[in-house]
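Student: So that we are looking at the same thing, I have put the structure below in structure tokens.
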Amino acid sequence: MTAGQFADIVAEMRAAQKSYFRTRSQKSLEKSKELEKAVDNIIARREAMQKEKQLSLFEETKE
């Protein structure tokens, strides 16, 4: 995923959040939660990849 693609998802999430706070509709709330979960999953995957890289680097220097 590129930084631009991530920014697009975050922008869509923010639009859904704003829509919910404007309308308080159930549909807007569900869309907002769905996009928030997608963003959280992307961040978690990136953090896991970074942690894996750090562990790999550390293990290589131990030898």
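Chain labels follow the order of the structure tokens: the first chain is A, the next B, and so on; residue numbering restarts at 1 in every chain, and ligands are counted from 1 in their shown order.
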Give me the residues within 12 Å of Glu12 (chain A) as a ChimeraX atom specification, counting only C-alpha atoms and dropping any in the same chain fewer than 6 places off.

Tutor: /A:5-6,18-19,28,31-36,38-39

Student: In Å to one decimal, how far is CA of Ile43 (chain A) from CA of Leu55 (chain A)?

Tutor: 18.4 Å

Student: What is the CA of Leu29 (chain A) to CA of Arg45 (chain A) distance in Å?

Tutor: 24.3 Å
